[in-house]
Structures are given as C-alpha cells and as structure tokens.
$ cat model_20.pdb   # PDB, C-alpha atoms
MODEL        1
ATOM      1  CA  MET A 223     124.811 -22.272 -32.023
ATOM      2  CA  LYS A 224     122.442 -21.211 -34.807
ATOM      3  CA  LYS A 225     119.663 -20.426 -32.327
ATOM      4  CA  LEU A 226     122.046 -18.364 -30.195
ATOM      5  CA  LYS A 227     122.960 -16.309 -33.271
ATOM      6  CA  GLU A 228     119.267 -15.793 -34.046
ATOM      7  CA  ILE A 229     118.605 -14.610 -30.499
ATOM      8  CA  TYR A 230     121.590 -12.257 -30.658
ATOM      9  CA  SER A 231     120.372 -10.811 -33.958
ATOM     10  CA  TYR A 232     117.152  -9.798 -32.177
ATOM     11  CA  ARG A 233     118.920  -7.966 -29.354
ATOM     12  CA  TRP A 234     117.229  -4.786 -30.623
ATOM     13  CA  TYR A 235     113.890  -6.386 -29.705
ATOM     14  CA  PHE A 236     114.874  -7.080 -26.091
ATOM     15  CA  LYS A 237     116.294  -3.581 -25.809
ATOM     16  CA  LEU A 238     112.997  -2.067 -26.943
ATOM     17  CA  ILE A 239     110.949  -4.338 -24.677
ATOM     18  CA  LEU A 240     113.049  -3.216 -21.703
ATOM     19  CA  LYS A 241     112.633   0.430 -22.691
ATOM     20  CA  ARG A 242     108.891  -0.101 -23.032
ATOM     21  CA  LEU A 243     108.615  -1.617 -19.546
ATOM     22  CA  LEU A 244     110.669   1.180 -18.008
ATOM     23  CA  SER A 245     108.481   3.793 -19.694
ATOM     24  CA  LEU A 246     105.483   2.627 -17.656
ATOM     25  CA  VAL A 247     106.846   4.464 -14.640
ATOM     26  CA  GLY A 248     107.992   8.033 -14.281
ATOM     27  CA  SER A 249     106.796  11.612 -14.442
ATOM     28  CA  HIS A 250     104.032  12.715 -16.792
ATOM     29  CA  LYS A 251     105.110  16.357 -16.846
ATOM     30  CA  TYR A 252     106.252  17.663 -20.225
ATOM     31  CA  ASP A 253     108.573  20.441 -21.373
ATOM     32  CA  PHE A 254     106.666  20.823 -24.659
ATOM     33  CA  ASP A 255     103.299  19.921 -26.106
ATOM     34  CA  ILE A 256     104.879  18.895 -29.418
ATOM     35  CA  SER A 257     108.445  18.213 -30.518
ATOM     36  CA  PHE A 258     109.525  17.872 -34.142
ATOM     37  CA  LEU A 259     112.487  15.768 -35.257
ATOM     38  CA  VAL A 260     113.382  17.049 -38.724
ATOM     39  CA  CYS A 261     115.649  14.195 -39.969
ATOM     40  CA  ASP A 262     116.897  16.537 -42.700
ATOM     41  CA  THR A 263     118.904  19.708 -43.207
ATOM     42  CA  TYR A 264     117.137  22.935 -42.299
ATOM     43  CA  GLY A 265     115.622  24.759 -45.237
ATOM     44  CA  TRP A 266     114.752  21.685 -47.315
ATOM     45  CA  ILE A 267     111.549  19.681 -47.787
ATOM     46  CA  LEU A 268     111.167  17.867 -44.440
ATOM     47  CA  ASP A 269     112.105  20.952 -42.449
ATOM     48  CA  GLY A 270     109.556  22.893 -44.492
ATOM     49  CA  ILE A 271     106.856  20.344 -43.657
ATOM     50  CA  CYS A 272     107.530  20.800 -39.932
ATOM     51  CA  ASN A 273     107.440  24.584 -40.317
ATOM     52  CA  GLU A 274     104.083  24.415 -42.081
ATOM     53  CA  ILE A 275     102.566  22.356 -39.244
ATOM     54  CA  ILE A 276     104.053  24.714 -36.656
ATOM     55  CA  LYS A 277     102.402  27.716 -38.397
ATOM     56  CA  ASP A 278      98.963  26.201 -37.795
ATOM     57  CA  ILE A 279      99.438  25.068 -34.188
ATOM     58  CA  ASN A 280      97.524  27.245 -31.754
ATOM     59  CA  LEU A 281      98.323  27.742 -28.051
ATOM     60  CA  CYS A 282     100.935  24.964 -27.985
ATOM     61  CA  SER A 283     104.521  24.944 -26.835
ATOM     62  CA  PHE A 284     106.809  23.238 -29.317
ATOM     63  CA  ASN A 285     110.404  22.359 -30.054
ATOM     64  CA  LYS A 286     112.069  21.618 -33.404
ATOM     65  CA  THR A 287     115.449  19.986 -33.886
ATOM     66  CA  ASN A 288     117.360  17.576 -36.112
ATOM     67  CA  LEU A 289     119.218  16.051 -33.136
ATOM     68  CA  ILE A 290     117.529  13.410 -30.979
ATOM     69  CA  GLU A 291     119.431  14.503 -27.876
ATOM     70  CA  ASP A 292     117.914  18.009 -28.212
ATOM     71  CA  ILE A 293     114.310  16.968 -28.746
ATOM     72  CA  GLY A 294     113.141  17.479 -25.157
ATOM     73  CA  ASP A 295     110.361  15.850 -23.139
ATOM     74  CA  SER A 296     107.043  16.184 -24.954
ATOM     75  CA  LYS A 297     103.567  14.745 -24.968
ATOM     76  CA  ASN A 298     103.534  14.496 -28.780
ATOM     77  CA  TYR A 299     106.434  13.802 -31.124
ATOM     78  CA  PHE A 300     106.466  14.212 -34.906
ATOM     79  CA  LEU A 301     109.319  12.471 -36.755
ATOM     80  CA  THR A 302     109.814  13.066 -40.458
ATOM     81  CA  HIS A 303     111.253   9.641 -41.246
ATOM     82  CA  TYR A 304     110.759   6.139 -39.879
ATOM     83  CA  THR A 305     114.519   5.410 -39.750
ATOM     84  CA  ALA A 306     114.689   7.736 -36.723
ATOM     85  CA  LEU A 307     112.177   5.668 -34.734
ATOM     86  CA  TYR A 308     114.602   3.063 -33.376
ATOM     87  CA  PRO A 309     117.172   5.540 -31.977
ATOM     88  CA  PHE A 310     114.270   7.681 -30.767
ATOM     89  CA  PHE A 311     112.642   4.870 -28.769
ATOM     90  CA  CYS A 312     116.052   3.823 -27.425
ATOM     91  CA  HIS A 313     117.165   7.261 -26.271
ATOM     92  CA  ILE A 314     114.011   9.142 -25.207
ATOM     93  CA  LYS A 315     112.919   8.442 -21.652
ATOM     94  CA  GLY A 316     109.314   7.245 -21.443
ATOM     95  CA  SER A 317     108.936   7.336 -25.225
ATOM     96  CA  PHE A 318     106.539   4.395 -25.332
ATOM     97  CA  ARG A 319     103.908   6.237 -23.330
ATOM     98  CA  LYS A 320     104.087   9.329 -25.555
ATOM     99  CA  ASN A 321     102.127  10.032 -28.734
ATOM    100  CA  VAL A 322     104.601   9.341 -31.541
ATOM    101  CA  PHE A 323     103.721  10.321 -35.097
ATOM    102  CA  VAL A 324     105.884   9.572 -38.106
ATOM    103  CA  LEU A 325     105.846  10.743 -41.710
ATOM    104  CA  TYR A 326     106.637   7.736 -43.910
ATOM    105  CA  THR A 327     108.208   9.248 -47.009
ATOM    106  CA  HIS A 328     109.770   6.246 -48.742
ATOM    107  CA  ASP A 329     111.603   2.986 -48.030
ATOM    108  CA  TYR A 330     115.290   2.901 -47.240
ATOM    109  CA  ASN A 331     117.555  -0.060 -48.027
ATOM    110  CA  GLU A 332     117.278  -2.418 -45.055
ATOM    111  CA  ASN A 333     118.243  -6.012 -44.436
ATOM    112  CA  SER A 334     115.637  -8.387 -42.997
ATOM    113  CA  THR A 335     116.598  -7.716 -39.371
ATOM    114  CA  GLU A 336     116.557  -3.950 -39.833
ATOM    115  CA  ARG A 337     113.171  -4.173 -41.542
ATOM    116  CA  LYS A 338     111.661  -6.218 -38.697
ATOM    117  CA  ARG A 339     113.008  -3.663 -36.252
ATOM    118  CA  SER A 340     111.506  -0.785 -38.249
ATOM    119  CA  LEU A 341     108.119  -2.493 -38.479
ATOM    120  CA  TYR A 342     108.086  -3.107 -34.724
ATOM    121  CA  CYS A 343     108.856   0.568 -34.098
ATOM    122  CA  LEU A 344     106.177   1.631 -36.571
ATOM    123  CA  SER A 345     103.621  -0.519 -34.761
ATOM    124  CA  MET A 346     104.332   1.496 -31.580
ATOM    125  CA  CYS A 347     103.362   4.806 -33.230
ATOM    126  CA  LYS A 348     100.097   6.640 -32.681
ATOM    127  CA  LYS A 349      99.723   7.331 -36.409
ATOM    128  CA  ILE A 350     101.805   6.738 -39.545
ATOM    129  CA  PHE A 351     101.315   9.372 -42.224
ATOM    130  CA  CYS A 352     101.947   7.679 -45.580
ATOM    131  CA  MET A 353     102.712  10.031 -48.439
ATOM    132  CA  ASN A 354     101.099   7.820 -51.066
ATOM    133  CA  THR A 355      98.673   4.936 -51.507
ATOM    134  CA  ALA A 356     101.338   2.424 -52.564
ATOM    135  CA  THR A 357     103.189   2.876 -49.260
ATOM    136  CA  LYS A 358     100.038   2.283 -47.237
ATOM    137  CA  ILE A 359      99.289  -0.928 -49.129
ATOM    138  CA  LYS A 360     102.876  -2.138 -48.683
ATOM    139  CA  LEU A 361     102.828  -1.518 -44.922
ATOM    140  CA  GLN A 362      99.479  -3.281 -44.602
ATOM    141  CA  LYS A 363     100.972  -6.335 -46.322
ATOM    142  CA  GLU A 364     103.882  -6.197 -43.876
ATOM    143  CA  GLY A 365     101.491  -6.410 -40.931
ATOM    144  CA  ILE A 366     100.958  -2.794 -39.846
ATOM    145  CA  PRO A 367      97.321  -2.372 -38.687
ATOM    146  CA  ASN A 368      95.152  -0.299 -40.983
ATOM    147  CA  HIS A 369      94.010   2.046 -38.184
ATOM    148  CA  LEU A 370      97.595   3.313 -37.782
ATOM    149  CA  LEU A 371      97.899   4.293 -41.448
ATOM    150  CA  TYR A 372      96.735   7.539 -43.019
ATOM    151  CA  VAL A 373      97.508   8.694 -46.568
ATOM    152  CA  ILE A 374      98.444  12.353 -46.815
ATOM    153  CA  TYR A 375     100.008  13.808 -49.963
ATOM    154  CA  GLY A 376     101.759  16.946 -48.790
ATOM    155  CA  GLY A 377     100.969  20.306 -50.280
ATOM    156  CA  ALA A 378     102.059  23.647 -51.656
ATOM    157  CA  ASP A 379     101.741  27.225 -50.434
ATOM    158  CA  GLU A 380      99.090  28.841 -52.604
ATOM    159  CA  GLU A 381     100.134  32.271 -51.315
ATOM    160  CA  LEU A 382     103.681  31.855 -52.651
ATOM    161  CA  ILE A 383     102.812  30.397 -56.059
ATOM    162  CA  ILE A 384     101.003  32.363 -58.769
ATOM    163  CA  PRO A 385      99.688  30.117 -61.580
ATOM    164  CA  LYS A 386     100.914  31.124 -65.021
ATOM    165  CA  SER A 387      98.183  31.716 -67.609
ATOM    166  CA  ILE A 388     100.360  30.671 -70.552
ATOM    167  CA  ARG A 389     103.334  28.352 -70.941
ATOM    168  CA  ASN A 390     105.779  29.880 -73.423
ATOM    169  CA  ASN A 391     109.202  29.790 -71.748
ATOM    170  CA  ASN A 392     110.568  26.653 -73.466
ATOM    171  CA  THR A 393     111.837  25.510 -70.040
ATOM    172  CA  VAL A 394     111.893  22.138 -68.285
ATOM    173  CA  GLY A 395     112.187  22.310 -64.499
ATOM    174  CA  ILE A 396     113.910  19.797 -62.217
ATOM    175  CA  VAL A 397     113.567  20.492 -58.485
ATOM    176  CA  SER A 398     115.619  18.276 -56.173
ATOM    177  CA  ASN A 399     119.036  17.797 -54.681
ATOM    178  CA  CYS A 400     121.263  15.511 -56.731
ATOM    179  CA  SER A 401     121.496  11.904 -55.540
ATOM    180  CA  ASP A 402     121.500   8.438 -57.090
ATOM    181  CA  ARG A 403     117.813   8.069 -56.173
ATOM    182  CA  LYS A 404     116.982  10.980 -58.479
ATOM    183  CA  ASN A 405     118.340   9.149 -61.571
ATOM    184  CA  PRO A 406     120.804  11.937 -62.430
ATOM    185  CA  PHE A 407     122.503  10.267 -65.380
ATOM    186  CA  LEU A 408     119.219   9.711 -67.220
ATOM    187  CA  ILE A 409     118.498  13.395 -66.611
ATOM    188  CA  LYS A 410     121.922  14.312 -68.021
ATOM    189  CA  ARG A 411     121.414  12.216 -71.169
ATOM    190  CA  ILE A 412     117.968  13.693 -71.806
ATOM    191  CA  ILE A 413     119.294  17.232 -71.339
ATOM    192  CA  GLN A 414     122.009  16.513 -73.890
ATOM    193  CA  LYS A 415     119.480  15.178 -76.400
ATOM    194  CA  LEU A 416     117.045  18.078 -75.948
ATOM    195  CA  LYS A 417     119.426  20.900 -76.812
ATOM    196  CA  HIS A 418     116.542  22.972 -78.205
ATOM    197  CA  ARG A 419     114.957  23.095 -74.731
ATOM    198  CA  GLN A 420     116.133  25.048 -71.703
ATOM    199  CA  PHE A 421     116.509  23.276 -68.351
ATOM    200  CA  LYS A 422     116.247  24.946 -64.961
ATOM    201  CA  VAL A 423     117.673  22.706 -62.222
ATOM    202  CA  ILE A 424     116.889  23.793 -58.659
ATOM    203  CA  GLY A 425     118.821  22.124 -55.847
ATOM    204  CA  SER A 426     122.341  21.280 -54.758
ATOM    205  CA  GLY A 427     124.965  18.877 -56.085
ATOM    206  CA  TRP A 428     124.138  19.102 -59.808
ATOM    207  CA  GLU A 429     127.218  21.108 -60.730
ATOM    208  CA  LYS A 430     129.202  17.860 -60.484
ATOM    209  CA  ILE A 431     127.474  16.320 -63.514
ATOM    210  CA  LEU A 432     125.657  19.128 -65.367
ATOM    211  CA  SER A 433     127.634  21.737 -67.281
ATOM    212  CA  ASP A 434     125.540  21.920 -70.459
ATOM    213  CA  GLN A 435     124.867  25.299 -72.053
ATOM    214  CA  ASN A 436     121.098  24.771 -71.973
ATOM    215  CA  VAL A 437     121.116  24.305 -68.161
ATOM    216  CA  THR A 438     120.652  26.948 -65.474
ATOM    217  CA  LEU A 439     121.551  25.818 -61.941
ATOM    218  CA  VAL A 440     119.667  27.509 -59.093
ATOM    219  CA  SER A 441     119.901  27.155 -55.317
ATOM    220  CA  HIS A 442     116.612  26.336 -53.649
ATOM    221  CA  ASP A 443     115.027  29.184 -51.701
ATOM    222  CA  TYR A 444     111.567  28.509 -50.318
ATOM    223  CA  SER A 445     110.852  32.201 -49.734
ATOM    224  CA  ASN A 446     111.252  32.789 -53.507
ATOM    225  CA  LEU A 447     109.179  29.780 -54.533
ATOM    226  CA  ASN A 448     107.265  31.558 -57.284
ATOM    227  CA  ASP A 449     110.527  32.718 -58.880
ATOM    228  CA  HIS A 450     111.495  29.068 -59.175
ATOM    229  CA  TYR A 451     108.326  28.014 -60.969
ATOM    230  CA  ARG A 452     107.061  30.992 -62.960
ATOM    231  CA  ASP A 453     109.200  30.234 -66.040
ATOM    232  CA  ILE A 454     108.913  26.418 -65.866
ATOM    233  CA  ASP A 455     106.541  25.014 -68.506
ATOM    234  CA  VAL A 456     107.236  21.303 -67.917
ATOM    235  CA  PHE A 457     108.155  19.712 -64.589
ATOM    236  CA  PHE A 458     110.382  16.646 -64.935
ATOM    237  CA  SER A 459     111.182  13.994 -62.333
ATOM    238  CA  ALA A 460     112.990  10.745 -63.202
ATOM    239  CA  SER A 461     113.362   9.381 -59.653
ATOM    240  CA  PHE A 462     113.666   5.693 -58.920
ATOM    241  CA  GLU A 463     111.865   6.180 -55.613
ATOM    242  CA  GLU A 464     109.948   8.979 -53.929
ATOM    243  CA  GLY A 465     107.551   9.624 -51.114
ATOM    244  CA  GLY A 466     106.228  12.599 -53.054
ATOM    245  CA  PRO A 467     107.850  14.510 -54.581
ATOM    246  CA  ILE A 468     106.527  17.738 -53.046
ATOM    247  CA  PRO A 469     107.801  19.842 -56.015
ATOM    248  CA  LEU A 470     105.313  17.939 -58.188
ATOM    249  CA  ILE A 471     102.446  19.629 -56.328
ATOM    250  CA  GLU A 472     104.203  23.010 -56.334
ATOM    251  CA  SER A 473     104.873  22.848 -60.073
ATOM    252  CA  MET A 474     101.322  21.742 -60.893
ATOM    253  CA  MET A 475      99.958  24.567 -58.738
ATOM    254  CA  SER A 476     102.060  26.920 -60.898
ATOM    255  CA  ASN A 477     100.359  25.336 -63.953
ATOM    256  CA  ALA A 478     103.440  23.479 -65.230
ATOM    257  CA  VAL A 479     102.830  20.142 -66.985
ATOM    258  CA  PRO A 480     104.379  17.191 -65.109
ATOM    259  CA  VAL A 481     106.342  14.380 -66.762
ATOM    260  CA  VAL A 482     107.218  12.058 -63.876
ATOM    261  CA  THR A 483     108.050   8.479 -63.011
ATOM    262  CA  ARG A 484     105.292   6.289 -61.687
ATOM    263  CA  VAL A 485     106.590   6.397 -58.093
ATOM    264  CA  GLY A 486     105.558   8.010 -54.805
ATOM    265  CA  PHE A 487     102.296   9.935 -54.999
ATOM    266  CA  CYS A 488     102.806  10.705 -58.700
ATOM    267  CA  PRO A 489     100.245   8.080 -59.847
ATOM    268  CA  ASP A 490      97.866   9.283 -57.113
ATOM    269  CA  ILE A 491      97.927  12.876 -58.394
ATOM    270  CA  VAL A 492      98.781  12.663 -62.098
ATOM    271  CA  ASN A 493      96.107  11.248 -64.393
ATOM    272  CA  HIS A 494      98.133  10.254 -67.452
ATOM    273  CA  GLY A 495      97.146  12.309 -70.479
ATOM    274  CA  LYS A 496      94.653  14.378 -68.466
ATOM    275  CA  ASN A 497      96.784  16.576 -66.217
ATOM    276  CA  GLY A 498     100.284  15.327 -67.015
ATOM    277  CA  PHE A 499     102.280  12.286 -68.071
ATOM    278  CA  LEU A 500     103.643   9.226 -66.261
ATOM    279  CA  PHE A 501     106.411   6.843 -67.253
ATOM    280  CA  ASP A 502     108.138   3.820 -65.720
ATOM    281  CA  VAL A 503     111.765   3.918 -64.611
ATOM    282  CA  ILE A 504     112.568   1.178 -67.140
ATOM    283  CA  ASP A 505     111.143   3.132 -70.098
ATOM    284  CA  SER A 506     113.513   4.169 -72.872
ATOM    285  CA  GLU A 507     115.036   7.631 -73.133
ATOM    286  CA  ASP A 508     113.237   8.163 -76.435
ATOM    287  CA  HIS A 509     109.875   7.430 -74.810
ATOM    288  CA  VAL A 510     110.581   9.877 -71.979
ATOM    289  CA  ILE A 511     111.676  12.526 -74.490
ATOM    290  CA  SER A 512     108.470  12.010 -76.483
ATOM    291  CA  LEU A 513     106.433  12.682 -73.325
ATOM    292  CA  ILE A 514     108.392  15.861 -72.573
ATOM    293  CA  GLU A 515     107.779  17.078 -76.110
ATOM    294  CA  LYS A 516     104.094  16.184 -75.839
ATOM    295  CA  ALA A 517     103.893  18.144 -72.571
ATOM    296  CA  PHE A 518     105.007  21.303 -74.399
ATOM    297  CA  THR A 519     101.930  20.997 -76.646
ATOM    298  CA  PHE A 520      99.530  20.362 -73.751
ATOM    299  CA  ASN A 521      96.947  23.135 -73.459
ATOM    300  CA  GLU A 522      94.866  22.086 -70.451
ATOM    301  CA  ASN A 523      94.859  23.891 -67.109
ATOM    302  CA  ILE A 524      96.888  21.929 -64.540
ATOM    303  CA  ASN A 525      96.386  24.108 -61.470
ATOM    304  CA  ASN A 526      92.757  23.176 -60.814
ATOM    305  CA  SER A 527      93.599  19.501 -60.258
ATOM    306  CA  VAL A 528      95.813  20.268 -57.234
ATOM    307  CA  GLU A 529      94.324  23.450 -55.799
ATOM    308  CA  HIS A 530      93.038  21.481 -52.782
ATOM    309  CA  LEU A 531      96.555  20.219 -51.959
ATOM    310  CA  THR A 532      97.607  23.140 -49.753
ATOM    311  CA  TRP A 533      99.874  23.077 -46.725
ATOM    312  CA  LYS A 534      97.032  24.410 -44.608
ATOM    313  CA  ASN A 535      94.872  21.368 -45.453
ATOM    314  CA  PHE A 536      97.878  19.088 -44.937
ATOM    315  CA  SER A 537      98.603  20.581 -41.500
ATOM    316  CA  SER A 538      94.978  20.380 -40.399
ATOM    317  CA  ASN A 539      94.847  16.690 -41.283
ATOM    318  CA  ILE A 540      97.892  16.015 -39.069
ATOM    319  CA  ILE A 541      97.152  18.357 -36.179
ATOM    320  CA  GLN A 542      93.773  16.730 -35.543
ATOM    321  CA  TYR A 543      95.612  13.702 -34.129
ATOM    322  CA  PHE A 544      97.808  15.617 -31.655
ATOM    323  CA  GLU A 545      96.723  15.569 -28.016
TER     324      GLU A 545
ENDMDL
END

$ encode --input "model_20.pdb" --output "structure tokens"
Amino acid sequence: MKKLKEIYSYRWYFKLILKRLLSLVGSHKYDFDISFLVCDTYGWILDGICNEIIKDINLCSFNKTNLIEDIGDSKNYFLTHYTALYPFFCHIKGSFRKNVFVLYTHDYNENSTERKRSLYCLSMCKKIFCMNTATKIKLQKEGIPNHLLYVIYGGADEELIIPKSIRNNNTVGIVSNCSDRKNPFLIKRIIQKLKHRQFKVIGSGWEKILSDQNVTLVSHDYSNLNDHYRDIDVFFSASFEEGGPIPLIESMMSNAVPVVTRVGFCPDIVNHGKNGFLFDVIDSEDHVISLIEKAFTFNENINNSVEHLTWKNFSSNIIQYFE
C-alpha cells in the first residue's frame, strides 16, 4: 500500500513523461518567434522585465500574456517564474520541443513532491536565468546542471533616472508592494522609532498598516521613475526573501544609499560599508536603525557602482539565447 501511495504521489511525473513523448510529433510551424508569460500583474516588476526585453528584440514576432491559455504557439518561451513551468508543460502542445527560458526570481514554499516536480521542469528548460549567485548555487546543489544556469541581476533604465548630486532630503525610500515577505511590521516599527526622518513608501497595500505622519504613500508608476527616486536619500529593504530587488538597482543608480537585508542579489551588488549597508533578517531593530542613520552620513558616490546594470545590458544577455 505504501508503494502504491508513492507511485500515486508521482503522477505528475508520468503526466509530464507522456506530454514529452507526445511532443515529439506534430507541426513545427509557429505563430510567434517569442512568447512571454508574465506571471504577474501588468505594470509591475516582472511585466516591466518582459517589456524591456521586447524593446530590444529586432525583426521578431512576439506575444505577451499573463494567461497560459493565451500564450500561443511559439518557438521560444520566456516565463518570469518557475512555478508556471508545470502548468505550462502540461497545457502547451509540443512544449518539450520548444526553447523554454525561465527567470528564477526566488523560492516559493513547496513540499518535497512539489519541489521534485519543479526541479524536473527546470531541467527541461533551455536556460534558467538566476537573479543572484545564491540561487545558482542552491540549484546546483539540488542537481540542476551548471550549463543551464546563468546569473543575471536585472537592471535599471538610465534614461529615466537622473542621479542626484547631493542627498539632503531627509527621506528613506521603500519601493515594493506590501506582503509578509517584505517584513512590513519591522518596517512599521522602524518608521515609528525614526520620527525625525521622512519615509516615502512606493507600492500598494501599505495603507492597511502605515498611517504615520512621517510617511508618504505613493502608487508606483514606471513612467515617472525619476520622480520616485529623486528625493530618496536612503533606500531601505527589510525583506525576508528576494530575487532582487530591482528597486535596489534603481535607487543606487539615483545615488541613494542602500540599507538592505542580505538576501537576493543584495550581497552581490552591495559591498558593506563601501557602497551601502547590509544586515541579516535576524538583526535587532536598533542595529538596523543605526545603519539607516549611518547611511545619512555616507558621502560616497553610489551611482558608479551600478552604472553597468542597465536594462539594455540585461536584455542583450537574455536575447542572445533565443533562436
């Protein structure tokens, strides 16, 4: 009985094997050269990443959607999160003979069976774009071949962001939607303790927990990116987990000083004490506050350490793998 339960728990595997065998036959005509599956709401980070790649594609037909059933028949597929791989391979005809690329932002909570399924799907991809070094190392340890893995940090639009020459706005910036992963209650407690500082919080959902007088809530608008960052002196991120965050690069390009948790690509980009400050998620509030205060006295130029991290360079590094 135990073995039958084990076999049943791997029904996803037999389903994928069948799909893979069926994909060996069929037409090789395509509706599009490249299709993008956003896996996010339009207008936010992952949608923006797809739009940046699309801007640099030449002489290609493409489709972009956040619904698998609307993705169309393509030679190349770009998915912005690995959790979409299993439904993608199950629902897209001939998917195993296509070039499938996935952006691996960060882990999601998975049980052991779900994780095995995800790893199998990842192994069927043409290339896995890891957003930080730690993710690549983790996937290698889980058995993903090194040749499938490529570290790519994301970028910022240097045409939309004008670096500030001086930092004198007394403002801490937080750029994200509100969720448990973003550590919102630590952010709230720090805001309440730093009443002499102003906080600019850009993103949705914060009105539920932030009503302090030293907080300005702003909706994110990518077309007005420089307006978001021009008065931010210190960029603050307290996330428990990240793939990026992309706003770290944007804020540093604007010459704001980052104070961020040691997650995602933060330790890849921020050299503690040299171009910003890192802390661990278990560090005390007082320690985090001391780093924020230290950031306000930091006089070094931040912009020059990330000026190579542009969306154009990011797109070029991905597009080279499309066929």

$ resolve_selection --input "model_20.pdb" --expression "the PyMOL selection byres ((chain A and resi 497) around 12)" --output "JSON, numbers by chain"
{"A": [456, 457, 470, 471, 473, 474, 475, 477, 478, 479, 480, 481, 482, 488, 489, 490, 491, 492, 493, 494, 495, 496, 498, 499, 500, 517, 520, 521, 522, 523, 524, 525, 526, 527, 528]}

$ atom_distance --input "model_20.pdb" --atom1 "CA of His418 in chain A" --atom2 "CA of Asn399 in chain A"
24.2 Å

$ atom_distance --input "model_20.pdb" --atom1 "CA of Ser317 in chain A" --atom2 "CA of Glu464 in chain A"
28.8 Å

$ atom_distance --input "model_20.pdb" --atom1 "CA of Ser283 in chain A" --atom2 "CA of Thr532 in chain A"
24.0 Å

$ residues_around --input "model_20.pdb" --residues "Ser398 in chain A" --least-positions-apart "5" --cutoff "8 Å" --atoms "all atoms listed in the file" --output "list in words"
Lys404, Val423, Ile424, Gly425, Ser426 and Pro469 of chain A

$ build_atoms --input "model_20.pdb" --residues "range 417-439 of chain A" --atoms "N, CA and C atoms" --output "PDB file, keeping the file's coordinate frame"
ATOM      1  N   LYS A 417     118.657  19.656 -76.800  1.00  0.00           N
ATOM      2  CA  LYS A 417     119.426  20.900 -76.812  1.00  0.00           C
ATOM      3  C   LYS A 417     118.575  22.105 -77.191  1.00  0.00           C
ATOM      4  N   HIS A 418     117.411  21.861 -77.824  1.00  0.00           N
ATOM      5  CA  HIS A 418     116.542  22.972 -78.205  1.00  0.00           C
ATOM      6  C   HIS A 418     115.637  23.411 -77.051  1.00  0.00           C
ATOM      7  N   ARG A 419     115.722  22.714 -75.915  1.00  0.00           N
ATOM      8  CA  ARG A 419     114.957  23.095 -74.731  1.00  0.00           C
ATOM      9  C   ARG A 419     115.907  23.645 -73.666  1.00  0.00           C
ATOM     10  N   GLN A 420     115.383  24.542 -72.836  1.00  0.00           N
ATOM     11  CA  GLN A 420     116.133  25.048 -71.703  1.00  0.00           C
ATOM     12  C   GLN A 420     115.766  24.247 -70.447  1.00  0.00           C
ATOM     13  N   PHE A 421     116.739  24.020 -69.587  1.00  0.00           N
ATOM     14  CA  PHE A 421     116.509  23.276 -68.351  1.00  0.00           C
ATOM     15  C   PHE A 421     116.906  24.144 -67.154  1.00  0.00           C
ATOM     16  N   LYS A 422     115.994  24.226 -66.205  1.00  0.00           N
ATOM     17  CA  LYS A 422     116.247  24.946 -64.961  1.00  0.00           C
ATOM     18  C   LYS A 422     116.296  23.905 -63.843  1.00  0.00           C
ATOM     19  N   VAL A 423     117.462  23.746 -63.230  1.00  0.00           N
ATOM     20  CA  VAL A 423     117.673  22.706 -62.222  1.00  0.00           C
ATOM     21  C   VAL A 423     117.866  23.384 -60.868  1.00  0.00           C
ATOM     22  N   ILE A 424     116.927  23.113 -59.954  1.00  0.00           N
ATOM     23  CA  ILE A 424     116.889  23.793 -58.659  1.00  0.00           C
ATOM     24  C   ILE A 424     117.248  22.791 -57.568  1.00  0.00           C
ATOM     25  N   GLY A 425     118.360  23.035 -56.885  1.00  0.00           N
ATOM     26  CA  GLY A 425     118.821  22.124 -55.847  1.00  0.00           C
ATOM     27  C   GLY A 425     120.338  22.051 -55.852  1.00  0.00           C
ATOM     28  N   SER A 426     120.886  21.325 -54.912  1.00  0.00           N
ATOM     29  CA  SER A 426     122.341  21.280 -54.758  1.00  0.00           C
ATOM     30  C   SER A 426     122.931  19.997 -55.337  1.00  0.00           C
ATOM     31  N   GLY A 427     124.212  20.053 -55.661  1.00  0.00           N
ATOM     32  CA  GLY A 427     124.965  18.877 -56.085  1.00  0.00           C
ATOM     33  C   GLY A 427     125.010  18.633 -57.576  1.00  0.00           C
ATOM     34  N   TRP A 428     124.219  19.357 -58.362  1.00  0.00           N
ATOM     35  CA  TRP A 428     124.138  19.102 -59.808  1.00  0.00           C
ATOM     36  C   TRP A 428     125.348  19.612 -60.581  1.00  0.00           C
ATOM     37  N   GLU A 429     126.073  20.556 -60.010  1.00  0.00           N
ATOM     38  CA  GLU A 429     127.218  21.108 -60.730  1.00  0.00           C
ATOM     39  C   GLU A 429     128.287  20.044 -61.010  1.00  0.00           C
ATOM     40  N   LYS A 430     128.223  18.938 -60.281  1.00  0.00           N
ATOM     41  CA  LYS A 430     129.202  17.860 -60.484  1.00  0.00           C
ATOM     42  C   LYS A 430     128.989  17.132 -61.802  1.00  0.00           C
ATOM     43  N   ILE A 431     127.741  17.093 -62.293  1.00  0.00           N
ATOM     44  CA  ILE A 431     127.474  16.320 -63.514  1.00  0.00           C
ATOM     45  C   ILE A 431     126.840  17.136 -64.632  1.00  0.00           C
ATOM     46  N   LEU A 432     126.332  18.335 -64.346  1.00  0.00           N
ATOM     47  CA  LEU A 432     125.657  19.128 -65.367  1.00  0.00           C
ATOM     48  C   LEU A 432     126.442  20.401 -65.656  1.00  0.00           C
ATOM     49  N   SER A 433     126.936  20.510 -66.869  1.00  0.00           N
ATOM     50  CA  SER A 433     127.634  21.737 -67.281  1.00  0.00           C
ATOM     51  C   SER A 433     127.203  22.149 -68.686  1.00  0.00           C
ATOM     52  N   ASP A 434     126.028  21.659 -69.107  1.00  0.00           N
ATOM     53  CA  ASP A 434     125.540  21.920 -70.459  1.00  0.00           C
ATOM     54  C   ASP A 434     125.092  23.377 -70.603  1.00  0.00           C
ATOM     55  N   GLN A 435     125.202  23.901 -71.811  1.00  0.00           N
ATOM     56  CA  GLN A 435     124.867  25.299 -72.053  1.00  0.00           C
ATOM     57  C   GLN A 435     123.374  25.582 -71.916  1.00  0.00           C
ATOM     58  N   ASN A 436     122.543  24.548 -72.086  1.00  0.00           N
ATOM     59  CA  ASN A 436     121.098  24.771 -71.973  1.00  0.00           C
ATOM     60  C   ASN A 436     120.576  24.507 -70.561  1.00  0.00           C
ATOM     61  N   VAL A 437     121.486  24.552 -69.558  1.00  0.00           N
ATOM     62  CA  VAL A 437     121.116  24.305 -68.161  1.00  0.00           C
ATOM     63  C   VAL A 437     121.428  25.523 -67.304  1.00  0.00           C
ATOM     64  N   THR A 438     120.446  25.927 -66.493  1.00  0.00           N
ATOM     65  CA  THR A 438     120.652  26.948 -65.474  1.00  0.00           C
ATOM     66  C   THR A 438     120.525  26.294 -64.103  1.00  0.00           C
ATOM     67  N   LEU A 439     121.562  26.401 -63.281  1.00  0.00           N
ATOM     68  CA  LEU A 439     121.551  25.818 -61.941  1.00  0.00           C
ATOM     69  C   LEU A 439     121.164  26.892 -60.933  1.00  0.00           C
TER      70      LEU A 439
END
